[in-house]
Amino acid sequence: MKKKLVALMMTVIMAGSMMACGSSNSGSAGSSANGASQTSSDVTGASSDTAAATGSDPLNVVIWDSNQKAGLQQICDEFTAKTGIAVNIEVKDWDSYWTLLEAGASGGDMPDVFWMHSNNAQMYMKNGILLKLDDYIKNSTEIKMENYMPEITELYTYDGSYYAIPKDYDTIALWYNKTMFDAAGLSYPDATWTWDDLYNAAVKLTKKDGSQYGFCMNPSNDQDTYYNMVYSMGGYIVSDDHTKSGYDDPNTLKAMDYVGKLVKDACPDPTTMSETGTDVMMESGNVAMIMQGSWMVSGFLQNDYMKKNCDVAILPYDKTTGKRASICNGLGWAAYSGTKRPDDCWKLLEWFGSKDMQLEQAKLGVTMSAYQNTSDQWVNCTDVFHLQPYLDETTASTGDAQNELVLRPYTYNSTVWSGAAQTKLAAAWADPSIMEQTCKDFATEMNQDIANENK
Amino acid sequence: MGNGIQAKRKFEKIIIHIILILMSVIMLVPFFWMILTAFKTVGEATSVNPFVIFPKTWNTDAFVTVWKNMSFVLLYKNTLLLIFWRVVCAVLTATMAGYAFGRLSFPGKNFFFSIILLQMMIPSQIFIIPQYLMISKMHLTNTVFALVFPGLVTAFGTFLLRQAFMGLPSDLEEAARLDGCNIFQTFLFVMAPLTKSAMVALGIFTALFGYKELMWPLIVNTNAGKMPLSAALATMQGQYGSNYPQLMAASLIACIPMIILYLIFQKQFIEGIATSGGKL
Amino acid sequence: MTSWEKKQFFWGWLFILPTMLGLIILNIVPMFQTLYQSFFRTGDFGKGNVFIGLENYEKLIHDPEVWQSLFNTFKYAIVEVPLSIIIALVLAVFLNRKMRGRSIYRTIYFLPMVVAPAAVAMVWRWLYNSQFGLLNHMMHVKIEWISNPHIAWISIAIIGVWSAIGYNMVLFLAGLQEIPRDYYEAADIDGASGPRMFFNITIPLLSPTIFFVMVTSIIGAFQVFDLIYMVMDETNTALPKTQTIVYLFYRYSFAYNNKGYGSAIVMLLLCVIILITVFQMIGQKKWVHYN
């Protein structure tokens with residue numbers, strides 16, 4: 001009996017491995033067929049018919065934000081319906097996304113199409129990992145680089161060549177819980193708010209028994225939280241020429257001191273925050289205010305508690321500088337320079353970058369689009385939240401304050417120091433009295449990291 | 001007097017059972033919690049006041065969602081292939097080498113055997129970067145071969161099989177030789193079959209640790225369709241964040257086949273592990 | 001050389017050929033490559049490495065993060081190894097007799113061994129969660145099990161103990177079966193108590209197995225990675241006080257792509273493990289009894 005079972009198991013395993021061999025064979029056959037039709041399409045000039053023939057293998061697309069998957073899938077489905085090229089979208093979390101790209105770039109096995117981020121776009125462009133798009137853009141009727149926000153285009157330009165099609169852009173705004181404000185008898189945040197107003201309200205909204213906190217921020221909430229405070233108060237994270245850390249700048253230290261005060265007086269215990277993200281704390285009704293990027297809207301729209309209780313306001317400004325700063329960033333769609341099907345990849349990039357699809361991305365509420373003058377569509381994607389504040393920050397001034405959009409600070413390879421900042425700052429979160437020293441120490445470390453970049 | 005001792009014995013027995021049962025509960029609580037959480041809604045899982053232990057309705061949404069989002073069939077297949085090839089390679093090479101080290105004498109034997117011992121002492125992380133670079137230079141990342149690669153041969157298995165061969169009586173071998181068997185025939189038909197239990201032990205050991213390996217698959221097979229279960233589960237946490245019902249559902253789907261296999265073949269499992277370790 | 005000796009030479013080398021070839025390609029050469037690489041600063045995407053001599057080691061010596069991680073690894077091992085050995089040993093002794101439910105207990109204790117480490121880590125992380133976790137709820141406390149720097153390393157070690165008990169127990173049970181029953185019967189007639197038999201008979205006769213389990217457990221504890229990787233987030237306040245040396249190696253080598261520094265870190269690990277193993281080998285003469 002026992003022997004029979006073992007034999008059975010072995011047969012199952014063998015059968016499984018045979019199946020696998022079979023399918024891997026057919027896979028390679030498929031890709032070589034692709035290669036063949038590829039060449040023929042080069043000769044005959046690509047038409048959508050030959051593209052349909054190459055579409056047996058899906059293009060691999062990798063992204064890191066699961067909130068955007070559904071919307072992008074829809075856009076890709078339309079692409080497949082039109083061209084016959086199948087697209088397979090895979091979502092990774094932020095950390096493994098970059099490990100994947102890094103490993104893929106070293107090993108010569110990358111996804112076909114993926115997102116690029118200002119954090120280390122320079123490194124990828126310089127090393128020829130990304131497909132150069134100049135010729136494709138020249139011959140394209142759909143893509144005119146002037147149509148996109150110049151700041152975003154700039155991020156993915158290296159030595160005068162384009163390496164990615166701008167996908168989106170994002171700004172930061174303040175989310176607040178109306179129900180909690182009502183209960184505390186406070187008026188909702190608006191354009192008149194300074195950082196001091198935010199602090200005072202947050203303290204008032206914090207209950208002693210730990211059932212409710214005024215604010216919530218993690219050391220990992222850099223772009224969406226403390227960077228904005230730093231730039232609003234006149235400090236900086238990276239110097240304009242991307243060579244020097246600003247963590248020891250007096251104004252940065254002033255902002256970080258404010259951060260420490262806020263964490264100490266109005267936020268949940270840092271240990272709690274490090275276990276549970278600010279979005280989850282907000283969604284579960286534990287905190288009254290958080291700062292979040294426009295990319296979170298599609299996620300919040302799926303949460304009933306948020307829909308019922310929360311809304312959006314413009315970020316506060318600093319009284320001394322009179323400046324309201326929102327960090328802004330934009331992703332680019334890039335393709336792998338070593339891809340076997342560069343033309344198909346380009347077709348997909350062109351599709352993502354076309355005016356129609358950029359509009360659709362906004363309309364579906366995926367994100368704001370990088371294509372100029374499409375943002376109204378995004379603001380109107382829902383009537384549950386008032387998303388206008390995200391746009392107001394892109395205008396010159398609101399109320400008494402000058403608005404400033406600041407590109408997310410980056411260097412040649414920001415992964416190293418931005419990762420280290422999270423770990424280092426965690427100590428200052430736990431004990432805000434060492435905030436100043438921590439920042440100063442970190443500035444030294446960060447300058448070292450920047451000096452070690454292989455620019 | 002005799003009664004007193006009997007009563008004391010009985011008392012001891014009861015105490016021991018209580019300890020064993022308590023320990024069982026501790027061992028099982030995480031499993032129960034995994035199952036209970038998987039059937040809850042996110043709301044129930046993150047409700048503090050009141051704290052929910054049993055879900056109101058046994059809701060299978062989490063299972064449906066993760067089954068749709070993760071290609072478990074593919075993951076099972078990758079894991080099965082990883083285990084299958086590693087076991088075949090390990091048992092094959094280790095049995096041959098174990099026989100040579102255990103029963104034959106040849107020049108260089110001690111030198112080579114000391115390499116085996118050395119490898120067993122060295123932490124495997126030291127090999128990982130160069131192994132990864134090899135796979136990556138051969139453009140073999142995201143393949144089954146990449147998963148199997150570090151387990152093609154095994155120093156530990158060689159050691160295990162050597163011990164098994166050394167424990168066999170030598171008259172069998174001599175008889176076989178008198179019958180006209182050459183060394184290879186003696187090995188294949190006489191000696192190797194006698195170490196079957198050591199081979200099974202090595203097989204189970206290899207399978208179990210292949211299934212549990214995390215760092216290597218995370219590094220070489222980053223493509224979601226090419227991962228084994230362990231790595232896919234690990235990357236899932238980053239993506240689904242705090243949706244614990246889904247995380248637990250995925251964990252259950254990933255682990256239940258191995259648990260069932262274990263429950264069916266538990267005697268072989270436990271004996272295999274017992275044979276594979278013990279003395280230096 | 002007689003023809004018999006020649007035959008053994010031929011077949012011996014042939015039989016060990018695959019294993020030795022594999023070991024040389026997979027282990028011996030990589031070991032030297034790692035050493036070699038530790039003298040380089042890694043270029044982008046592994047191209048254009050720059051020779052920097054001992055700079056990585058200099059950085060390593062002055063890097064408090066490395067020494068803290070090494071210390072964390074020690075702390076983990078000091079909790080995990082003795083606890084998992086003692087609990088497993090006691091359970092094995094209890095189970096080493098004819099009794100009802102013996103195989104059920106054995107099955108249960110071994111169960112964590114067959115679960116993927118990622119699943120183990122996730123469920124424990126959930127049990128430990130300070131807001132919604134079962135543990136805090138059952139005990140009516142609010143302890144930050146995995147984010148309080150003073151506690152987190154113990155919490156991690158407890159997961160390690162929970163996972164390892166079954167494995168160690170099975171090895172001990174196998175060792176116990178080899179102790180002849182007459183020893184116990186003789187002691188029983190002499191009127192020796194249970195604990196006395198345990199210390200005077202069981203421990204000495206089981207010492208080779210205990211030694212084996214100890215050596216392998218310590219080596220295993222020094223290489224712990226999965227638990228830290230899965231349970232601790234990068235922003236966890238307790239991470240600096242819990243991350244192990246192998247976790248640090250992973251982060252430098254594959255997340256920051258600084259494979260040169262990663263190599264230097266793993267060379268340090270090698271030295272530590274060799275040192276500890278040598279000490280144990282010397283120490284064993286004092287307490288391990290082979291018959």
# chains A, B, ... in the order shown; residues from 1 in each chain; ligands from 1
>>> residues_around(residues="Ile35 of chain B", least_positions_apart="3", cutoff="10 Å", atoms="only C-alpha atoms", output="PDB file with N, CA and C atoms, in the first residue's frame")
ATOM      1  N   VAL B  29      -1.981  27.208  17.895  1.00  0.00           N
ATOM      2  CA  VAL B  29      -2.679  28.496  17.850  1.00  0.00           C
ATOM      3  C   VAL B  29      -2.419  29.284  16.561  1.00  0.00           C
ATOM      4  N   PRO B  30      -1.159  29.421  16.124  1.00  0.00           N
ATOM      5  CA  PRO B  30      -0.949  30.167  14.887  1.00  0.00           C
ATOM      6  C   PRO B  30      -1.725  29.588  13.709  1.00  0.00           C
ATOM      7  N   PHE B  31      -1.833  28.260  13.660  1.00  0.00           N
ATOM      8  CA  PHE B  31      -2.568  27.659  12.540  1.00  0.00           C
ATOM      9  C   PHE B  31      -4.052  28.000  12.616  1.00  0.00           C
ATOM     10  N   PHE B  32      -4.611  27.884  13.821  1.00  0.00           N
ATOM     11  CA  PHE B  32      -6.033  28.235  13.976  1.00  0.00           C
ATOM     12  C   PHE B  32      -6.261  29.691  13.597  1.00  0.00           C
ATOM     13  N   ALA B  38      -8.386  34.008   7.740  1.00  0.00           N
ATOM     14  CA  ALA B  38      -8.607  33.886   6.301  1.00  0.00           C
ATOM     15  C   ALA B  38     -10.090  33.964   5.947  1.00  0.00           C
ATOM     16  N   PHE B  39     -10.954  33.562   6.882  1.00  0.00           N
ATOM     17  CA  PHE B  39     -12.387  33.555   6.585  1.00  0.00           C
ATOM     18  C   PHE B  39     -13.093  34.835   7.035  1.00  0.00           C
ATOM     19  N   LYS B  40     -12.306  35.805   7.566  1.00  0.00           N
ATOM     20  CA  LYS B  40     -12.943  37.036   8.016  1.00  0.00           C
ATOM     21  C   LYS B  40     -12.966  38.075   6.896  1.00  0.00           C
ATOM     22  N   PHE B  54     -14.187  34.532  16.099  1.00  0.00           N
ATOM     23  CA  PHE B  54     -14.757  33.730  15.015  1.00  0.00           C
ATOM     24  C   PHE B  54     -15.477  34.636  14.030  1.00  0.00           C
ATOM     25  N   PRO B 245      -6.721  39.003   5.914  1.00  0.00           N
ATOM     26  CA  PRO B 245      -7.473  37.853   5.426  1.00  0.00           C
ATOM     27  C   PRO B 245      -6.905  37.299   4.124  1.00  0.00           C
ATOM     28  N   MET B 248      -3.504  35.578   4.804  1.00  0.00           N
ATOM     29  CA  MET B 248      -3.670  34.278   5.461  1.00  0.00           C
ATOM     30  C   MET B 248      -4.253  33.253   4.488  1.00  0.00           C
ATOM     31  N   ALA B 249      -5.186  33.702   3.649  1.00  0.00           N
ATOM     32  CA  ALA B 249      -5.768  32.785   2.671  1.00  0.00           C
ATOM     33  C   ALA B 249      -4.685  32.273   1.733  1.00  0.00           C
ATOM     34  N   SER B 251      -1.498  32.105   2.353  1.00  0.00           N
ATOM     35  CA  SER B 251      -0.615  31.214   3.093  1.00  0.00           C
ATOM     36  C   SER B 251      -1.219  29.825   3.180  1.00  0.00           C
ATOM     37  N   LEU B 252      -2.509  29.777   3.450  1.00  0.00           N
ATOM     38  CA  LEU B 252      -3.159  28.473   3.567  1.00  0.00           C
ATOM     39  C   LEU B 252      -3.104  27.717   2.246  1.00  0.00           C
TER      40      LEU B 252
ATOM     41  N   VAL C 123       1.863  34.941   9.796  1.00  0.00           N
ATOM     42  CA  VAL C 123       0.853  34.685  10.817  1.00  0.00           C
ATOM     43  C   VAL C 123       1.343  35.174  12.176  1.00  0.00           C
TER      44      VAL C 123
END
>>> select_by_dssp(residues="segment 191-347 of chain A", states="helix (DSSP H, G or I)", output="PyMOL selection string")
chain A and resi 195-205+222-232+250-266+270-275+278-283+294-300+304-309+342-347
>>> closest_residue(among="A:Gln302, A:Asn228, A:Asn221, A:Thr271", to="chain C", atoms="only C-alpha atoms")
A:Thr271
>>> interface_residues(of="chain C", to="chain A", cutoff="7 Å", atoms="only C-alpha atoms", output="PyMOL selection string")
chain C and resi 43-46+130+144+147-148+234-237+254-256
>>> write_last_selection(atoms="N, CA and C atoms", output="short mmCIF file (atom, residue, chain, number, x, y, z; two decimals), in the first residue's frame")
data_model
loop_
_atom_site.label_atom_id
_atom_site.label_comp_id
_atom_site.auth_asym_id
_atom_site.auth_seq_id
_atom_site.Cartn_x
_atom_site.Cartn_y
_atom_site.Cartn_z
N GLY C 43 30.26 48.54 -9.44
CA GLY C 43 29.74 49.54 -10.38
C GLY C 43 28.26 49.35 -10.61
N ASP C 44 27.63 50.29 -11.35
CA ASP C 44 26.21 50.16 -11.65
C ASP C 44 25.94 48.87 -12.39
N PHE C 45 24.93 48.16 -11.99
CA PHE C 45 24.50 46.93 -12.62
C PHE C 45 25.64 45.94 -12.78
N GLY C 46 26.55 45.94 -11.81
CA GLY C 46 27.62 44.97 -11.80
C GLY C 46 28.69 45.18 -12.85
N SER C 130 0.29 45.04 17.39
CA SER C 130 -0.05 45.67 18.66
C SER C 130 -1.49 46.18 18.69
N GLU C 144 4.13 46.32 22.19
CA GLU C 144 4.54 46.38 20.79
C GLU C 144 5.57 45.28 20.56
N SER C 147 7.77 45.99 17.40
CA SER C 147 8.32 47.30 17.06
C SER C 147 8.96 47.99 18.26
N ASN C 148 8.89 47.39 19.41
CA ASN C 148 9.62 47.93 20.55
C ASN C 148 11.05 47.36 20.52
N GLU C 234 11.15 48.05 6.79
CA GLU C 234 12.33 48.92 6.80
C GLU C 234 12.17 50.10 7.74
N THR C 235 10.93 50.51 8.00
CA THR C 235 10.75 51.67 8.86
C THR C 235 10.47 51.26 10.30
N ASN C 236 10.52 49.97 10.57
CA ASN C 236 10.27 49.52 11.93
C ASN C 236 11.34 50.07 12.86
N THR C 237 10.88 50.73 13.93
CA THR C 237 11.84 51.36 14.86
C THR C 237 12.76 50.32 15.49
N PHE C 254 21.79 43.14 -2.45
CA PHE C 254 20.75 43.04 -3.46
C PHE C 254 19.77 44.21 -3.47
N ALA C 255 19.60 44.91 -2.37
CA ALA C 255 18.72 46.08 -2.41
C ALA C 255 19.52 47.33 -2.78
N TYR C 256 20.68 47.51 -2.14
CA TYR C 256 21.52 48.66 -2.49
C TYR C 256 22.52 48.33 -3.59
#
>>> residues_around(residues="segment 135-150 of chain B", least_positions_apart="5", cutoff="6 Å", atoms="only C-alpha atoms", output="list in words")
Gly107 of chain A; Leu82, Arg86, Val220, Asn221 and Lys226 of chain B
>>> write_last_selection(atoms="C-alpha atoms", output="short mmCIF file (atom, residue, chain, number, x, y, z; two decimals), in the first residue's frame")
data_model
loop_
_atom_site.label_atom_id
_atom_site.label_comp_id
_atom_site.auth_asym_id
_atom_site.auth_seq_id
_atom_site.Cartn_x
_atom_site.Cartn_y
_atom_site.Cartn_z
CA GLY A 107 21.44 39.81 -15.75
CA LEU B 82 12.39 22.67 -7.91
CA ARG B 86 16.91 18.91 -6.45
CA VAL B 220 17.20 34.67 -9.13
CA ASN B 221 13.55 34.37 -10.05
CA LYS B 226 8.70 31.75 -12.25
#
>>> residues_around(residues="Ile151 of chain C", least_positions_apart="6", cutoff="10 Å", atoms="only C-alpha atoms", output="VMD selection string")
chain C and resid 143 to 145 238 241 to 242
>>> interface_residues(of="chain B", to="chain A", cutoff="8 Å", atoms="only C-alpha atoms", output="ChimeraX atom specification")
/B:46,77,80-81,84,133,135-137,139,141,219-220,222-224,235,238-239,242
>>> closest_atom_pairs(of="chain C", to="chain B", cutoff="6 Å", atoms="only C-alpha atoms", output="tab-separated table")
residue	atom	partner	partner_atom	distance
C:Phe9	CA	B:Phe106	CA	4.7
C:Gly12	CA	B:Ala100	CA	5.0
C:Phe15	CA	B:Met96	CA	5.0
C:Ile16	CA	B:Ala97	CA	4.3
C:Thr19	CA	B:Val153	CA	5.5
C:Gly22	CA	B:Val153	CA	5.8
C:Asn27	CA	B:Phe127	CA	5.9
C:Pro30	CA	B:Pro130	CA	5.2
C:Met31	CA	B:Phe127	CA	5.8
C:Val115	CA	B:Cys255	CA	5.7
C:Ala116	CA	B:Lys212	CA	5.2
C:Ala118	CA	B:Ala234	CA	5.3
C:Ala119	CA	B:Ser251	CA	5.2
C:Phe132	CA	B:Thr46	CA	5.6
C:Val170	CA	B:Ala274	CA	5.8
C:Leu171	CA	B:Ala274	CA	5.0
C:Ala174	CA	B:Ala274	CA	5.8
C:Pro208	CA	B:Lys279	CA	5.8
C:Thr209	CA	B:Gly278	CA	5.0
C:Phe212	CA	B:Lys279	CA	5.3
C:Val266	CA	B:Ile126	CA	5.9
>>> write_last_selection(atoms="N, CA and C atoms", output="PDB file, in the first residue's frame")
ATOM      1  N   PHE C   9      40.783   3.217  -7.832  1.00  0.00           N
ATOM      2  CA  PHE C   9      41.190   4.567  -8.196  1.00  0.00           C
ATOM      3  C   PHE C   9      40.223   5.121  -9.245  1.00  0.00           C
ATOM      4  N   GLY C  12      36.523   5.210  -7.949  1.00  0.00           N
ATOM      5  CA  GLY C  12      36.425   6.195  -6.874  1.00  0.00           C
ATOM      6  C   GLY C  12      36.353   7.606  -7.425  1.00  0.00           C
ATOM      7  N   PHE C  15      33.138   8.184  -9.344  1.00  0.00           N
ATOM      8  CA  PHE C  15      31.958   8.355  -8.492  1.00  0.00           C
ATOM      9  C   PHE C  15      31.917   9.723  -7.817  1.00  0.00           C
ATOM     10  N   ILE C  16      33.078  10.229  -7.446  1.00  0.00           N
ATOM     11  CA  ILE C  16      33.045  11.525  -6.764  1.00  0.00           C
ATOM     12  C   ILE C  16      33.093  12.681  -7.768  1.00  0.00           C
ATOM     13  N   THR C  19      30.043  15.185  -7.869  1.00  0.00           N
ATOM     14  CA  THR C  19      29.953  15.953  -6.631  1.00  0.00           C
ATOM     15  C   THR C  19      31.100  16.949  -6.515  1.00  0.00           C
ATOM     16  N   GLY C  22      30.784  19.742  -9.031  1.00  0.00           N
ATOM     17  CA  GLY C  22      29.717  20.642  -8.580  1.00  0.00           C
ATOM     18  C   GLY C  22      30.182  21.515  -7.429  1.00  0.00           C
ATOM     19  N   ASN C  27      30.778  26.105  -5.066  1.00  0.00           N
ATOM     20  CA  ASN C  27      31.169  26.537  -3.733  1.00  0.00           C
ATOM     21  C   ASN C  27      32.607  27.022  -3.607  1.00  0.00           C
ATOM     22  N   PRO C  30      33.293  30.112  -5.999  1.00  0.00           N
ATOM     23  CA  PRO C  30      32.545  31.272  -5.481  1.00  0.00           C
ATOM     24  C   PRO C  30      33.103  31.815  -4.176  1.00  0.00           C
ATOM     25  N   MET C  31      33.623  30.919  -3.328  1.00  0.00           N
ATOM     26  CA  MET C  31      34.149  31.393  -2.057  1.00  0.00           C
ATOM     27  C   MET C  31      35.290  32.386  -2.307  1.00  0.00           C
ATOM     28  N   VAL C 115       5.771  24.119   7.014  1.00  0.00           N
ATOM     29  CA  VAL C 115       5.097  25.323   6.548  1.00  0.00           C
ATOM     30  C   VAL C 115       6.137  26.288   5.999  1.00  0.00           C
ATOM     31  N   ALA C 116       5.806  26.919   4.890  1.00  0.00           N
ATOM     32  CA  ALA C 116       6.745  27.863   4.275  1.00  0.00           C
ATOM     33  C   ALA C 116       7.067  28.985   5.259  1.00  0.00           C
ATOM     34  N   ALA C 118       7.637  32.021   4.922  1.00  0.00           N
ATOM     35  CA  ALA C 118       6.908  33.272   4.689  1.00  0.00           C
ATOM     36  C   ALA C 118       5.553  33.221   5.386  1.00  0.00           C
ATOM     37  N   ALA C 119       4.902  32.054   5.338  1.00  0.00           N
ATOM     38  CA  ALA C 119       3.605  31.921   5.981  1.00  0.00           C
ATOM     39  C   ALA C 119       3.742  31.989   7.493  1.00  0.00           C
ATOM     40  N   PHE C 132      -4.270  44.995  16.479  1.00  0.00           N
ATOM     41  CA  PHE C 132      -5.305  44.017  16.161  1.00  0.00           C
ATOM     42  C   PHE C 132      -4.884  42.593  16.486  1.00  0.00           C
ATOM     43  N   VAL C 170      12.481  15.594  17.058  1.00  0.00           N
ATOM     44  CA  VAL C 170      12.573  14.364  16.284  1.00  0.00           C
ATOM     45  C   VAL C 170      13.989  13.792  16.351  1.00  0.00           C
ATOM     46  N   LEU C 171      14.982  14.672  16.270  1.00  0.00           N
ATOM     47  CA  LEU C 171      16.363  14.198  16.366  1.00  0.00           C
ATOM     48  C   LEU C 171      16.638  13.605  17.750  1.00  0.00           C
ATOM     49  N   ALA C 174      15.059  10.171  18.144  1.00  0.00           N
ATOM     50  CA  ALA C 174      15.863   9.133  17.493  1.00  0.00           C
ATOM     51  C   ALA C 174      17.054   8.760  18.366  1.00  0.00           C
ATOM     52  N   PRO C 208      26.017  13.047  22.317  1.00  0.00           N
ATOM     53  CA  PRO C 208      26.411  13.240  20.911  1.00  0.00           C
ATOM     54  C   PRO C 208      25.306  13.901  20.084  1.00  0.00           C
ATOM     55  N   THR C 209      24.066  13.459  20.317  1.00  0.00           N
ATOM     56  CA  THR C 209      22.961  14.069  19.576  1.00  0.00           C
ATOM     57  C   THR C 209      22.776  15.529  19.985  1.00  0.00           C
ATOM     58  N   PHE C 212      25.289  17.544  18.262  1.00  0.00           N
ATOM     59  CA  PHE C 212      24.957  17.748  16.853  1.00  0.00           C
ATOM     60  C   PHE C 212      23.899  18.833  16.694  1.00  0.00           C
ATOM     61  N   VAL C 266      29.822  39.290   4.524  1.00  0.00           N
ATOM     62  CA  VAL C 266      29.683  37.839   4.619  1.00  0.00           C
ATOM     63  C   VAL C 266      31.011  37.179   4.993  1.00  0.00           C
TER      64      VAL C 266
END
>>> residues_around(residues="Asp240 of chain A", least_positions_apart="5", cutoff="12 Å", atoms="only C-alpha atoms", output="PDB file with C-alpha atoms, in the first residue's frame")
ATOM      1  CA  GLY A 235      14.885  74.123   3.701  1.00  0.00           C
ATOM      2  CA  SER A 245      22.502  66.862   1.299  1.00  0.00           C
ATOM      3  CA  GLY A 246      20.295  69.513   2.873  1.00  0.00           C
ATOM      4  CA  VAL A 406       9.009  71.145  -5.890  1.00  0.00           C
ATOM      5  CA  LEU A 407      10.252  68.188  -7.883  1.00  0.00           C
ATOM      6  CA  ARG A 408      10.918  65.257  -5.612  1.00  0.00           C
ATOM      7  CA  PRO A 409      14.597  65.614  -4.660  1.00  0.00           C
ATOM      8  CA  TYR A 410      16.830  63.080  -6.357  1.00  0.00           C
ATOM      9  CA  THR A 411      20.439  62.278  -7.185  1.00  0.00           C
TER      10      THR A 411
END
>>> atom_distance(atom1="atom CA of Thr42 of chain C", atom2="atom CA of Ser253 of chain C")
9.5 Å
>>> residues_around(residues="Pro389 of chain A", least_positions_apart="2", cutoff="7 Å", atoms="only C-alpha atoms", output="list of chain:residue names")
A:Ala173, A:Val312, A:Ala313, A:Ile314, A:Leu387, A:Leu391, A:Asp392, A:Glu393
>>> write_last_selection(atoms="C-alpha atoms", output="mmCIF file, in the first residue's frame")
data_model
loop_
_atom_site.group_PDB
_atom_site.id
_atom_site.type_symbol
_atom_site.label_atom_id
_atom_site.label_comp_id
_atom_site.auth_asym_id
_atom_site.auth_seq_id
_atom_site.Cartn_x
_atom_site.Cartn_y
_atom_site.Cartn_z
ATOM 1 C CA ALA A 173 -2.703 67.275 -0.137
ATOM 2 C CA VAL A 312 -9.239 66.695 1.020
ATOM 3 C CA ALA A 313 -7.758 70.133 1.747
ATOM 4 C CA ILE A 314 -4.801 72.064 0.405
ATOM 5 C CA LEU A 387 -9.840 66.743 -5.376
ATOM 6 C CA LEU A 391 -4.630 71.017 -8.562
ATOM 7 C CA ASP A 392 -4.665 74.314 -6.677
ATOM 8 C CA GLU A 393 -1.138 73.640 -5.553
#
>>> closest_residue(among="A:Ala191, A:Lys261, A:Met256, A:Asp376", to="Ser397 of chain A", atoms="only C-alpha atoms")
A:Ala191
>>> residues_around(residues="Gln243 of chain C", least_positions_apart="4", cutoff="7 Å", atoms="only C-alpha atoms", output="MDAnalysis selection string")
chainID C and resid 69 72 228 239 247:248
>>> write_last_selection(atoms="N, CA and C atoms", output="mmCIF file, in the first residue's frame")
data_model
loop_
_atom_site.group_PDB
_atom_site.id
_atom_site.type_symbol
_atom_site.label_atom_id
_atom_site.label_comp_id
_atom_site.auth_asym_id
_atom_site.auth_seq_id
_atom_site.Cartn_x
_atom_site.Cartn_y
_atom_site.Cartn_z
ATOM 1 N N SER C 69 24.424 44.627 14.235
ATOM 2 C CA SER C 69 23.773 43.448 13.652
ATOM 3 C C SER C 69 24.405 42.161 14.159
ATOM 4 N N ASN C 72 23.084 41.701 17.493
ATOM 5 C CA ASN C 72 21.705 41.226 17.396
ATOM 6 C C ASN C 72 21.656 39.733 17.094
ATOM 7 N N ILE C 228 13.507 37.982 9.811
ATOM 8 C CA ILE C 228 13.721 39.431 9.826
ATOM 9 C C ILE C 228 13.142 40.045 8.555
ATOM 10 N N LEU C 239 14.010 47.738 13.946
ATOM 11 C CA LEU C 239 14.859 47.061 12.958
ATOM 12 C C LEU C 239 16.351 47.159 13.289
ATOM 13 N N TYR C 247 20.781 39.468 7.133
ATOM 14 C CA TYR C 247 19.821 40.419 6.593
ATOM 15 C C TYR C 247 20.550 41.648 6.054
ATOM 16 N N LEU C 248 21.521 42.113 6.811
ATOM 17 C CA LEU C 248 22.310 43.269 6.384
ATOM 18 C C LEU C 248 23.041 42.940 5.084
#
